[in-house]
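Take a look at the structure set out below.
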Amino acid sequence: MIALDTNLLVYAHRAENPFHPAAAKLVSELAESKAAWAIPWPCLHEFYGVITNRRIHHVPTPVDVALKQIDVWLESPTLHLLSEPPAHWSALRELIAKAKLQGPMVHDARIAALCFSHGVRELWSADRDFSRFPNLRVRNPLV
């Protein structure tokens, strides 16, 4: 199963982004495919926060449009939403300790732990920070 990181969701949604056409096509193909794909819940939360933030976008996405976009993705019958299983803390703790993470990097460790816990074979992301987790296969499908 392939999981998507926040940045690809943002690129797929925001038409002014130079990666928009490629990202929108990738996300559409996953959503319409018969193969299972995934979005970690924290990535959906972060997606909403990024696209509606006036500090990030001069013209942020209106709330109703942002909510509708998430609803559309959730309608995909092959989408799996990744949430924390009971043993999440031990997996996350190990990643944090090994990489000696602090501050905002904990968010990436949370995504990595969710991917490991749910058997994700590959995380699609344009974020190089995931290299801190050598056991997680990460690919930027836009390059």
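Labeling convention for the structure tokens: chains A, B, ... as they appear, residues from 1 per chain, ligands from 1 in order of appearance.
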Contact check, segment 48-113 of chain A to segment 121-133 of chain A, at most 8 Å, counting only C-alpha atoms, closest pairs as JSON lines:
{"residue": "A:Leu95", "atom": "CA", "partner": "A:Phe133", "partner_atom": "CA", "distance": 7.4}
{"residue": "A:Ala99", "atom": "CA", "partner": "A:Arg132", "partner_atom": "CA", "distance": 6.4}
{"residue": "A:Met105", "atom": "CA", "partner": "A:Asp129", "partner_atom": "CA", "distance": 8.0}
{"residue": "A:Asp108", "atom": "CA", "partner": "A:Phe130", "partner_atom": "CA", "distance": 6.6}
{"residue": "A:Ala109", "atom": "CA", "partner": "A:Phe133", "partner_atom": "CA", "distance": 7.9}
{"residue": "A:Ala112", "atom": "CA", "partner": "A:Phe133", "partner_atom": "CA", "distance": 7.4}
Write down as an MDAnalysis selection string the residues of chain A whose backbone DSSP state falls under strand (DSSP E or B).
-> chainID A and resid 2:4 37:40 79:82 122:124 138:139
Keeping only C-alpha atoms, write the selected residues to a file as an mmCIF file, in the first residue's frame.
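The resulting file, again.cif, is shown below:
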data_model
loop_
_atom_site.group_PDB
_atom_site.id
_atom_site.type_symbol
_atom_site.label_atom_id
_atom_site.label_comp_id
_atom_site.auth_asym_id
_atom_site.auth_seq_id
_atom_site.Cartn_x
_atom_site.Cartn_y
_atom_site.Cartn_z
ATOM 1 C CA ILE A 2 1.176 3.525 -0.815
ATOM 2 C CA ALA A 3 0.631 6.360 1.680
ATOM 3 C CA LEU A 4 0.643 10.064 0.830
ATOM 4 C CA TRP A 37 -3.775 3.523 -0.806
ATOM 5 C CA ALA A 38 -3.530 5.467 2.427
ATOM 6 C CA ILE A 39 -3.418 8.872 4.054
ATOM 7 C CA PRO A 40 -2.280 9.190 7.665
ATOM 8 C CA LEU A 79 -8.547 4.675 0.769
ATOM 9 C CA HIS A 80 -7.258 3.582 4.168
ATOM 10 C CA LEU A 81 -6.914 6.206 6.874
ATOM 11 C CA LEU A 82 -3.951 5.488 9.110
ATOM 12 C CA GLU A 122 6.068 3.171 0.339
ATOM 13 C CA LEU A 123 5.420 6.741 1.473
ATOM 14 C CA TRP A 124 5.132 9.286 -1.319
ATOM 15 C CA VAL A 138 10.106 7.046 0.662
ATOM 16 C CA ARG A 139 9.739 8.162 -2.929
#
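Minimum atom-to-atom distance to Trp89 of chain A, evaluated using only C-alpha atoms, belongs to A:Ala113 out of A:Lys68, A:Leu101, A:Val59, A:Ala113.
Atom CA of Ala31 of chain A is positioned 5.3 Å from atom CA of Ser76 of chain A.
Counting only C-alpha atoms and comparing A:Cys115, A:Ala36, A:Val10, A:Leu26, the residue that lies closest to Leu142 of chain A is A:Leu26.
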